[in-house]
$ cat protein_34.csv   # CSV, C-alpha atoms
chain,number,residue,atom,x,y,z
I,882,MET,CA,158.4,190.5,58.4
I,883,ASP,CA,159.5,189.5,61.8
I,884,SER,CA,158.8,192.6,63.7
I,885,LYS,CA,155.4,193.0,65.2
I,886,LEU,CA,154.0,196.0,67.1
I,887,GLU,CA,152.0,194.6,70.0
I,888,LYS,CA,149.0,196.3,71.5
I,889,THR,CA,149.6,198.0,74.8
I,890,ILE,CA,146.2,198.0,76.4
I,891,LYS,CA,144.9,195.7,79.1
I,892,ASP,CA,141.5,195.0,77.6
I,893,ASN,CA,140.4,191.7,79.1
I,894,LYS,CA,137.6,193.5,80.9
I,895,PHE,CA,136.5,195.5,77.8
I,896,ALA,CA,133.3,193.5,77.2
I,897,ASP,CA,132.4,194.0,80.9
I,898,VAL,CA,132.5,197.8,80.5
I,899,PHE,CA,131.2,198.3,77.0
I,900,THR,CA,128.3,196.6,75.2
I,901,GLU,CA,128.1,196.8,71.4
I,902,ILE,CA,124.9,197.8,69.7
I,903,THR,CA,123.7,196.7,66.3
I,904,CYS,CA,124.4,199.4,63.7
I,905,THR,CA,122.4,199.4,60.5
I,906,GLY,CA,124.3,202.2,58.7
I,907,HIS,CA,127.4,202.2,56.5
I,908,ILE,CA,129.8,204.9,55.6
I,909,GLY,CA,130.4,203.8,52.0
I,910,VAL,CA,134.0,204.7,51.3
I,911,ASN,CA,136.1,202.9,48.7
I,912,ALA,CA,138.4,201.5,51.4
I,913,ASN,CA,138.1,199.8,54.8
I,914,GLU,CA,135.5,201.1,57.2
I,915,GLU,CA,133.9,200.4,60.6
I,916,LEU,CA,130.9,202.2,62.1
I,917,ARG,CA,130.4,200.6,65.5
I,918,LEU,CA,128.1,201.7,68.3
I,919,PHE,CA,128.6,201.0,72.0
I,920,ARG,CA,127.0,201.9,75.3
I,921,LEU,CA,128.3,201.4,78.9
I,922,SER,CA,127.2,197.9,80.0
I,923,SER,CA,126.0,198.9,83.4
I,924,VAL,CA,122.8,200.8,83.5
I,925,ILE,CA,121.2,201.6,86.9
I,926,ASP,CA,117.8,203.4,87.1
I,927,ASN,CA,118.1,204.3,83.5
I,928,HIS,CA,121.5,206.0,84.0
I,929,PHE,CA,124.8,204.8,82.8
I,930,GLU,CA,126.9,203.6,85.7
I,931,ILE,CA,130.6,204.8,85.4
I,932,GLU,CA,132.4,202.8,88.1
I,933,ASP,CA,133.5,199.9,85.8
I,934,LEU,CA,134.6,202.5,83.2
I,935,LEU,CA,136.7,204.3,85.9
I,936,LYS,CA,138.4,201.1,86.9
I,937,PHE,CA,139.2,200.2,83.3
I,938,LEU,CA,140.6,203.7,82.5
I,939,LYS,CA,142.7,203.8,85.7
I,940,ASN,CA,144.1,200.3,84.9
I,941,ASN,CA,145.2,201.5,81.5
I,942,ILE,CA,146.2,205.1,82.2
I,943,GLY,CA,149.9,204.3,82.4
I,944,LEU,CA,149.8,202.4,79.1
I,945,TYR,CA,148.2,205.5,77.5
I,946,VAL,CA,150.8,207.9,78.9
I,947,PHE,CA,154.1,206.0,78.7
I,948,ASN,CA,155.9,204.3,75.8
I,949,ARG,CA,156.6,200.6,75.9
I,950,SER,CA,160.2,200.7,77.1
I,951,ARG,CA,159.1,202.9,80.1
I,952,ILE,CA,156.5,200.3,81.0
I,953,ILE,CA,159.1,197.5,80.7
I,954,ARG,CA,161.5,199.4,82.9
I,955,TYR,CA,158.9,199.8,85.7
I,956,HIS,CA,158.4,196.0,85.6
I,957,ASP,CA,162.1,195.1,85.5
I,958,GLU,CA,162.7,197.4,88.5
I,959,ASP,CA,159.7,195.8,90.4
I,960,GLU,CA,157.9,199.1,90.4
I,961,ASP,CA,154.7,198.2,88.5
I,962,TYR,CA,152.7,200.0,91.3
I,963,LEU,CA,154.2,203.3,90.2
I,964,VAL,CA,153.0,203.2,86.6
I,965,THR,CA,149.6,204.6,87.4
I,966,LEU,CA,150.8,207.0,90.0
I,967,ASP,CA,153.4,208.5,87.8
I,968,ALA,CA,151.1,208.6,84.8
I,969,LEU,CA,148.5,210.6,86.7
I,970,ASP,CA,151.3,212.9,87.9
I,971,VAL,CA,152.3,213.5,84.2
I,972,LEU,CA,148.7,214.3,83.2
I,973,ARG,CA,148.1,216.6,86.1
I,974,LYS,CA,151.2,218.6,85.1
I,975,LYS,CA,150.0,218.7,81.5
I,976,GLY,CA,147.0,220.8,82.3
I,977,VAL,CA,143.5,220.9,83.8
I,978,VAL,CA,140.8,218.4,83.2
I,979,ASP,CA,139.3,218.5,79.7
I,980,GLU,CA,142.0,220.9,78.4
I,981,THR,CA,142.3,220.4,74.7
I,982,GLY,CA,145.6,219.1,73.3
I,983,THR,CA,147.0,218.0,76.7
I,984,GLY,CA,145.9,214.4,76.6
I,985,ASN,CA,143.6,215.2,79.5
I,986,GLU,CA,140.3,215.0,77.5
I,987,LEU,CA,138.2,211.9,78.0
I,988,SER,CA,137.7,211.6,74.2
I,989,GLU,CA,141.5,211.4,73.7
I,990,LEU,CA,141.8,208.5,76.2
I,991,LEU,CA,138.7,206.7,74.8
I,992,LEU,CA,140.1,207.1,71.3
I,993,TYR,CA,143.2,205.1,72.4
I,994,VAL,CA,140.9,202.5,74.0
I,995,PHE,CA,138.8,201.8,71.0
I,996,LEU,CA,141.5,201.9,68.4
I,997,GLU,CA,143.6,199.4,70.3
I,998,SER,CA,140.8,197.2,71.7
I,999,VAL,CA,138.3,197.2,68.8
I,1000,LEU,CA,140.2,198.1,65.7
I,1001,GLY,CA,143.2,196.1,66.9
I,1002,ALA,CA,145.6,198.9,65.8
I,1003,PRO,CA,148.5,199.3,68.3
I,1004,LYS,CA,149.4,202.8,69.3
I,1005,ILE,CA,152.5,204.5,68.0
I,1006,TYR,CA,151.8,207.6,70.0
I,1007,SER,CA,148.8,208.6,72.1
I,1008,LYS,CA,147.8,212.3,72.3
I,1009,VAL,CA,149.7,212.8,75.6
I,1010,GLU,CA,152.9,211.6,73.9
I,1011,LEU,CA,152.6,213.7,70.8
I,1012,LYS,CA,154.3,217.0,70.2
I,1013,SER,CA,152.1,220.0,70.6
I,1014,SER,CA,152.6,220.8,66.9
I,1015,SER,CA,150.7,217.6,65.9
I,1016,PHE,CA,147.1,218.0,64.7
I,1017,THR,CA,146.0,214.4,65.5
I,1018,ASN,CA,144.7,213.0,68.8
I,1019,GLY,CA,146.8,209.8,68.4
I,1020,VAL,CA,148.6,207.7,65.8
I,1021,HIS,CA,148.1,204.0,65.5
I,1022,LEU,CA,149.3,201.3,63.1
I,1023,LYS,CA,147.0,198.8,61.4
I,1024,ILE,CA,148.7,196.1,59.4
I,1025,LEU,CA,146.5,194.8,56.6
I,1026,ASN,CA,148.6,191.9,55.4
I,1027,PRO,CA,151.6,191.0,57.6
I,1028,GLU,CA,152.7,188.3,55.3
I,1029,GLY,CA,153.5,188.3,51.6
I,1030,GLU,CA,155.8,190.1,49.3
I,1031,ARG,CA,154.0,193.4,49.4
I,1032,ILE,CA,153.3,194.7,52.9
I,1033,ARG,CA,150.3,196.9,53.3
I,1034,TYR,CA,149.5,199.0,56.4
I,1035,GLU,CA,147.5,202.0,57.4
I,1036,LEU,CA,148.8,204.8,59.5
I,1037,VAL,CA,145.6,205.7,61.5
I,1038,PHE,CA,145.3,209.3,62.6
I,1039,GLY,CA,142.9,209.9,65.4
I,1040,SER,CA,140.1,212.5,65.8
I,1041,SER,CA,137.9,212.5,68.8
I,1042,ASN,CA,135.3,214.7,70.5
I,1043,ILE,CA,132.7,214.4,73.2
I,1044,THR,CA,130.0,217.1,73.3
I,1045,GLY,CA,126.3,217.4,73.9
I,1046,ASP,CA,125.0,217.2,70.4
I,1047,LEU,CA,126.1,214.4,68.1
I,1048,GLY,CA,126.0,216.7,65.0
I,1049,ASP,CA,128.4,219.1,66.7
I,1050,ALA,CA,130.7,216.2,67.6
I,1051,VAL,CA,130.7,214.9,64.0
I,1052,GLU,CA,131.3,218.4,62.6
I,1053,ASP,CA,134.2,219.1,65.0
I,1054,ALA,CA,135.7,215.8,64.3
I,1055,PHE,CA,135.8,216.5,60.5
I,1056,ASP,CA,137.2,219.9,61.1
I,1057,GLN,CA,140.1,218.1,62.8
I,1058,ILE,CA,140.3,215.5,60.0
I,1059,ALA,CA,140.6,218.4,57.5
I,1060,ARG,CA,143.5,219.8,59.4
I,1061,ILE,CA,145.2,216.4,59.6
I,1062,ASN,CA,144.6,215.8,55.9
I,1063,ASP,CA,146.2,219.2,55.1
I,1064,HIS,CA,149.3,218.3,57.1
I,1065,THR,CA,149.6,214.6,56.5
I,1066,CYS,CA,153.2,214.8,55.4
I,1067,GLN,CA,154.0,216.9,58.5
I,1068,GLU,CA,152.3,214.4,60.8
I,1069,VAL,CA,154.2,211.4,59.2
I,1070,GLN,CA,157.5,213.4,59.6
I,1071,LEU,CA,156.7,214.0,63.3
I,1072,VAL,CA,156.2,210.2,63.7
I,1073,ARG,CA,159.6,209.5,62.0
I,1074,GLU,CA,161.4,212.1,64.1
I,1075,SER,CA,159.8,210.8,67.3
I,1076,ILE,CA,161.2,207.3,66.7
I,1077,PHE,CA,164.7,208.6,67.4
I,1078,GLU,CA,163.5,210.1,70.7
I,1079,LEU,CA,162.5,206.7,72.0
I,1080,PRO,CA,165.0,204.8,74.2
I,1081,SER,CA,167.2,202.5,72.0
I,1082,ASP,CA,165.7,199.4,73.7
I,1083,ASP,CA,162.1,200.3,73.1
I,1084,PRO,CA,160.4,197.3,71.5
I,1085,ALA,CA,158.4,199.6,69.2
I,1086,ILE,CA,161.4,200.9,67.3
I,1087,PRO,CA,162.1,197.8,65.1
I,1088,ALA,CA,158.4,197.4,64.2
I,1089,ILE,CA,157.8,201.1,63.6
I,1090,THR,CA,161.0,201.6,61.7
I,1091,GLU,CA,160.3,198.6,59.5
I,1092,TYR,CA,157.0,200.0,58.4
I,1093,ILE,CA,157.5,203.8,58.5
I,1094,LYS,CA,161.1,204.3,57.2
I,1095,PRO,CA,161.5,203.3,53.6
I,1096,SER,CA,164.6,201.3,52.6
I,1097,PRO,CA,165.9,199.5,49.5
I,1098,GLY,CA,164.3,196.2,48.6
I,1099,LYS,CA,161.1,196.9,50.6
I,1100,SER,CA,157.7,196.7,48.9
I,1101,ILE,CA,155.5,198.6,51.3
I,1102,VAL,CA,152.2,200.3,50.6
I,1103,ARG,CA,151.2,202.9,53.2
I,1104,SER,CA,147.7,204.3,53.4
I,1105,THR,CA,146.4,207.1,55.5
I,1106,ALA,CA,143.3,206.2,57.6
I,1107,PHE,CA,141.2,208.0,60.1
I,1108,GLY,CA,140.0,206.7,63.5
I,1109,ILE,CA,137.2,208.7,65.1
I,1110,PHE,CA,135.7,208.4,68.6
I,1111,LEU,CA,132.6,210.4,69.3
I,1112,GLY,CA,130.6,210.8,72.5
I,1113,TYR,CA,127.3,212.7,72.9
I,1114,THR,CA,124.2,213.2,75.1
I,1115,VAL,CA,121.7,210.5,74.2
I,1116,GLY,CA,118.7,212.6,75.5
I,1117,LEU,CA,116.2,209.8,76.1
I,1118,ASP,CA,113.3,210.1,78.5
I,1119,LYS,CA,114.3,208.3,81.7
I,1120,SER,CA,110.8,207.8,83.0
I,1121,ARG,CA,110.4,204.6,81.0
I,1122,SER,CA,110.6,201.1,82.5
I,1123,ASP,CA,114.1,199.5,82.7
I,1124,ASN,CA,113.5,197.1,79.8
I,1125,ASP,CA,111.8,199.7,77.6
I,1126,TYR,CA,114.6,202.1,78.3
I,1127,LEU,CA,117.4,199.7,77.2
I,1128,ASP,CA,115.5,198.7,74.0
I,1129,SER,CA,114.7,202.3,73.2
I,1130,ILE,CA,118.2,203.7,73.9
I,1131,GLU,CA,119.9,201.1,71.6
I,1132,ASN,CA,117.4,201.9,68.8
I,1133,LYS,CA,117.9,205.7,69.4
I,1134,ILE,CA,121.7,205.4,69.1
I,1135,ASP,CA,121.4,203.7,65.8
I,1136,ASP,CA,118.8,206.2,64.6
I,1137,ASP,CA,121.0,209.1,65.8
I,1138,ILE,CA,124.1,208.1,63.8
I,1139,ASN,CA,122.1,207.2,60.7
I,1140,ALA,CA,120.6,210.7,60.8
I,1141,TYR,CA,124.1,212.1,60.4
I,1142,LEU,CA,125.5,209.6,57.8
I,1143,PRO,CA,124.5,211.9,54.9
I,1144,PHE,CA,126.6,214.7,56.4
I,1145,ILE,CA,129.5,212.3,57.1
I,1146,LYS,CA,129.5,211.1,53.5
I,1147,LYS,CA,129.2,214.7,52.3
I,1148,ARG,CA,132.2,215.8,54.3
I,1149,ILE,CA,134.3,212.8,53.2
I,1150,SER,CA,133.5,213.7,49.6
I,1151,GLU,CA,134.2,217.4,50.1
I,1152,LEU,CA,137.7,216.5,51.5
I,1153,GLY,CA,138.3,214.1,48.7
I,1154,LEU,CA,138.9,211.2,51.1
I,1155,GLU,CA,136.6,208.6,49.6
I,1156,GLY,CA,139.6,206.3,49.0
I,1157,HIS,CA,140.7,206.4,52.6
I,1158,SER,CA,139.7,204.1,55.4
I,1159,PHE,CA,137.4,205.4,58.2
I,1160,TYR,CA,136.8,203.8,61.5
I,1161,PHE,CA,134.0,205.3,63.7
I,1162,TYR,CA,133.3,204.4,67.3
I,1163,ILE,CA,130.3,206.1,69.0
I,1164,LEU,CA,129.4,206.1,72.7
I,1165,PRO,CA,126.5,207.9,74.3
I,1166,PHE,CA,126.4,209.6,77.7
I,1167,ASP,CA,123.6,210.8,80.0
I,1168,ASP,CA,125.0,214.3,79.9
I,1169,ALA,CA,128.2,214.4,77.8
I,1170,GLU,CA,129.4,217.8,78.9
I,1171,ILE,CA,129.1,217.0,82.6
I,1172,ASP,CA,130.0,213.4,82.4
I,1173,LYS,CA,133.3,213.8,80.4
I,1174,ARG,CA,134.6,216.3,83.1
I,1175,ARG,CA,133.3,214.2,86.0
I,1176,ILE,CA,134.9,211.0,84.7
I,1177,MET,CA,138.3,212.6,84.0
I,1178,SER,CA,138.3,214.3,87.3
I,1179,ARG,CA,137.7,211.0,89.0
I,1180,VAL,CA,140.5,209.4,86.9
I,1181,LEU,CA,143.0,212.1,87.7
I,1182,GLY,CA,141.9,212.3,91.4
I,1183,ARG,CA,140.9,215.9,91.2

$ encode --input "protein_34.csv" --output "structure tokens"
Amino acid sequence: MDSKLEKTIKDNKFADVFTEITCTGHIGVNANEELRLFRLSSVIDNHFEIEDLLKFLKNNIGLYVFNRSRIIRYHDEDEDYLVTLDALDVLRKKGVVDETGTGNELSELLLYVFLESVLGAPKIYSKVELKSSSFTNGVHLKILNPEGERIRYELVFGSSNITGDLGDAVEDAFDQIARINDHTCQEVQLVRESIFELPSDDPAIPAITEYIKPSPGKSIVRSTAFGIFLGYTVGLDKSRSDNDYLDSIENKIDDDINAYLPFIKKRISELGLEGHSFYFYILPFDDAEIDKRRIMSRVLGR
């Protein structure tokens, strides 16, 4: 196949913002899986420093909000400087900070970041671009074998949540996955319909159409996958020394997610999704409820 859907994100600074932590657990599905843990790279006085994260999010906010043809048009008209300003204007009109379903939740934005930067699955639509009737927080495309006679790809539906307790975040994410799973055909149809709403010159159209729309002579296998971003309050004593804190926090994050793996496996089994791919990305905060609103308020300039 000649068409290729490119990533949209500017992620050359990703490793400066996020540090990956060793994960000892596994999900155990009969398909592809990732369970990857991260923390913010900058830690000052045993608190996560958010300034680098803010710069990274602001640099990518236009790519999160707008489709590819819109970004190209800004560039062709020598108005790249307007991308961020106009994107922020769109988000402010969508609703208040942290309002569910508007695209203004930090978890929805970070889901986009991790699915593109870590999973390498280009976005089809981010939450802010999706119709209000959609149950997912984003739709991404992961090509499993771009060459060969039989093309295999995954349509990755996103679920995301940031809340104080990791168990609550996991439970809420699976409630959303259950809704997506119950309406998979509807979600795929929304994607197909939305293709025709893109400008005719959008570079995503050939690639999306080639994979999403069936046609005679194509041997294409589509699988439904789930991409999950979770944030929570790490809750570690900050009176420790700097070195001890960093070592302890990385061990605690691994212990925290391992404690909920039995529940994750149970929910996957209950939903009958053992044959589907799951991609989990976990990020701790000092105080998730406060931090998620503070960060998005700074991003949106409110």

$ closest_residue --input "protein_34.csv" --among "I:Gly1019, I:Pro1003, I:Pro1165, I:Gly906" --to "Gly1116 in chain I" --atoms "all atoms listed in the file"
I:Pro1165

$ closest_atom_pairs --input "protein_34.csv" --of "range 995-1060 of chain I" --to "range 1172-1177 of chain I" --cutoff "12 Å" --atoms "all atoms listed in the file" --output "Markdown table"
| residue | atom | partner | partner_atom | distance |
| --- | --- | --- | --- | --- |
| I:Asn1042 | CA | I:Lys1173 | CA | 10.1 |
| I:Ile1043 | CA | I:Lys1173 | CA | 7.2 |
| I:Thr1044 | CA | I:Lys1173 | CA | 8.5 |
| I:Gly1045 | CA | I:Asp1172 | CA | 10.1 |

$ atom_distance --input "protein_34.csv" --atom1 "CA of Tyr993 in chain I" --atom2 "CA of Ser1007 in chain I"
6.6 Å

$ atom_distance --input "protein_34.csv" --atom1 "CA of Val1020 in chain I" --atom2 "CA of Phe929 in chain I"
29.4 Å

$ residues_around --input "protein_34.csv" --residues "range 1142-1154 of chain I" --least-positions-apart "2" --cutoff "9 Å" --atoms "all atoms listed in the file" --output "list of chain:residue names"
I:Gly906, I:His907, I:Ile908, I:Gly909, I:Val910, I:Gly1048, I:Val1051, I:Glu1052, I:Phe1055, I:Ile1058, I:Ala1059, I:Asn1062, I:Ile1138, I:Asn1139, I:Ala1140, I:Gly1156, I:His1157, I:Ser1158

$ write_last_selection --input "protein_34.csv" --atoms "C-alpha atoms" --output "compact mmCIF listing (two decimals), in the coordinates of the input"
# COMPACT_ATOMS: atom_id res chain seq x y z
CA GLY I 906 124.30 202.20 58.70
CA HIS I 907 127.40 202.20 56.50
CA ILE I 908 129.80 204.90 55.60
CA GLY I 909 130.40 203.80 52.00
CA VAL I 910 134.00 204.70 51.30
CA GLY I 1048 126.00 216.70 65.00
CA VAL I 1051 130.70 214.90 64.00
CA GLU I 1052 131.30 218.40 62.60
CA PHE I 1055 135.80 216.50 60.50
CA ILE I 1058 140.30 215.50 60.00
CA ALA I 1059 140.60 218.40 57.50
CA ASN I 1062 144.60 215.80 55.90
CA ILE I 1138 124.10 208.10 63.80
CA ASN I 1139 122.10 207.20 60.70
CA ALA I 1140 120.60 210.70 60.80
CA GLY I 1156 139.60 206.30 49.00
CA HIS I 1157 140.70 206.40 52.60
CA SER I 1158 139.70 204.10 55.40

$ build_atoms --input "protein_34.csv" --residues "range 976-990 of chain I" --atoms "N, CA, C and O atoms" --output "PDB file, in the coordinates of the input"
ATOM      1  N   GLY I 976     148.041 219.831  82.346  1.00  0.00           N
ATOM      2  CA  GLY I 976     147.000 220.800  82.300  1.00  0.00           C
ATOM      3  C   GLY I 976     145.801 220.408  83.149  1.00  0.00           C
ATOM      4  O   GLY I 976     145.832 219.376  83.831  1.00  0.00           O
ATOM      5  N   VAL I 977     144.750 221.196  83.065  1.00  0.00           N
ATOM      6  CA  VAL I 977     143.500 220.900  83.800  1.00  0.00           C
ATOM      7  C   VAL I 977     142.706 219.864  83.113  1.00  0.00           C
ATOM      8  O   VAL I 977     142.933 219.547  81.941  1.00  0.00           O
ATOM      9  N   VAL I 978     141.722 219.333  83.801  1.00  0.00           N
ATOM     10  CA  VAL I 978     140.800 218.400  83.200  1.00  0.00           C
ATOM     11  C   VAL I 978     140.111 218.952  82.005  1.00  0.00           C
ATOM     12  O   VAL I 978     139.655 220.102  82.028  1.00  0.00           O
ATOM     13  N   ASP I 979     140.064 218.184  80.916  1.00  0.00           N
ATOM     14  CA  ASP I 979     139.300 218.500  79.700  1.00  0.00           C
ATOM     15  C   ASP I 979     140.013 219.675  78.919  1.00  0.00           C
ATOM     16  O   ASP I 979     139.368 220.320  78.102  1.00  0.00           O
ATOM     17  N   GLU I 980     141.292 219.910  79.154  1.00  0.00           N
ATOM     18  CA  GLU I 980     142.000 220.900  78.400  1.00  0.00           C
ATOM     19  C   GLU I 980     142.463 220.365  77.064  1.00  0.00           C
ATOM     20  O   GLU I 980     143.220 219.387  77.035  1.00  0.00           O
ATOM     21  N   THR I 981     142.022 220.954  75.992  1.00  0.00           N
ATOM     22  CA  THR I 981     142.300 220.400  74.700  1.00  0.00           C
ATOM     23  C   THR I 981     143.798 220.370  74.374  1.00  0.00           C
ATOM     24  O   THR I 981     144.542 221.304  74.674  1.00  0.00           O
ATOM     25  N   GLY I 982     144.211 219.249  73.787  1.00  0.00           N
ATOM     26  CA  GLY I 982     145.600 219.100  73.300  1.00  0.00           C
ATOM     27  C   GLY I 982     146.562 218.613  74.379  1.00  0.00           C
ATOM     28  O   GLY I 982     147.745 218.385  74.080  1.00  0.00           O
ATOM     29  N   THR I 983     146.101 218.410  75.610  1.00  0.00           N
ATOM     30  CA  THR I 983     147.000 218.000  76.700  1.00  0.00           C
ATOM     31  C   THR I 983     147.041 216.478  76.889  1.00  0.00           C
ATOM     32  O   THR I 983     147.927 215.960  77.554  1.00  0.00           O
ATOM     33  N   GLY I 984     146.049 215.789  76.322  1.00  0.00           N
ATOM     34  CA  GLY I 984     145.900 214.400  76.600  1.00  0.00           C
ATOM     35  C   GLY I 984     144.935 214.159  77.782  1.00  0.00           C
ATOM     36  O   GLY I 984     144.650 213.028  78.177  1.00  0.00           O
ATOM     37  N   ASN I 985     144.429 215.265  78.372  1.00  0.00           N
ATOM     38  CA  ASN I 985     143.600 215.200  79.500  1.00  0.00           C
ATOM     39  C   ASN I 985     142.068 215.172  79.186  1.00  0.00           C
ATOM     40  O   ASN I 985     141.222 215.253  80.065  1.00  0.00           O
ATOM     41  N   GLU I 986     141.740 215.090  77.904  1.00  0.00           N
ATOM     42  CA  GLU I 986     140.300 215.000  77.500  1.00  0.00           C
ATOM     43  C   GLU I 986     139.919 213.517  77.492  1.00  0.00           C
ATOM     44  O   GLU I 986     140.663 212.654  77.007  1.00  0.00           O
ATOM     45  N   LEU I 987     138.737 213.234  77.999  1.00  0.00           N
ATOM     46  CA  LEU I 987     138.200 211.900  78.000  1.00  0.00           C
ATOM     47  C   LEU I 987     138.162 211.296  76.600  1.00  0.00           C
ATOM     48  O   LEU I 987     138.439 210.113  76.378  1.00  0.00           O
ATOM     49  N   SER I 988     137.810 212.131  75.622  1.00  0.00           N
ATOM     50  CA  SER I 988     137.700 211.600  74.200  1.00  0.00           C
ATOM     51  C   SER I 988     139.029 211.134  73.721  1.00  0.00           C
ATOM     52  O   SER I 988     139.082 210.159  72.969  1.00  0.00           O
ATOM     53  N   GLU I 989     140.133 211.778  74.103  1.00  0.00           N
ATOM     54  CA  GLU I 989     141.500 211.400  73.700  1.00  0.00           C
ATOM     55  C   GLU I 989     141.830 210.006  74.257  1.00  0.00           C
ATOM     56  O   GLU I 989     142.405 209.144  73.586  1.00  0.00           O
ATOM     57  N   LEU I 990     141.479 209.809  75.522  1.00  0.00           N
ATOM     58  CA  LEU I 990     141.800 208.500  76.200  1.00  0.00           C
ATOM     59  C   LEU I 990     140.894 207.421  75.630  1.00  0.00           C
ATOM     60  O   LEU I 990     141.382 206.306  75.387  1.00  0.00           O
TER      61      LEU I 990
END
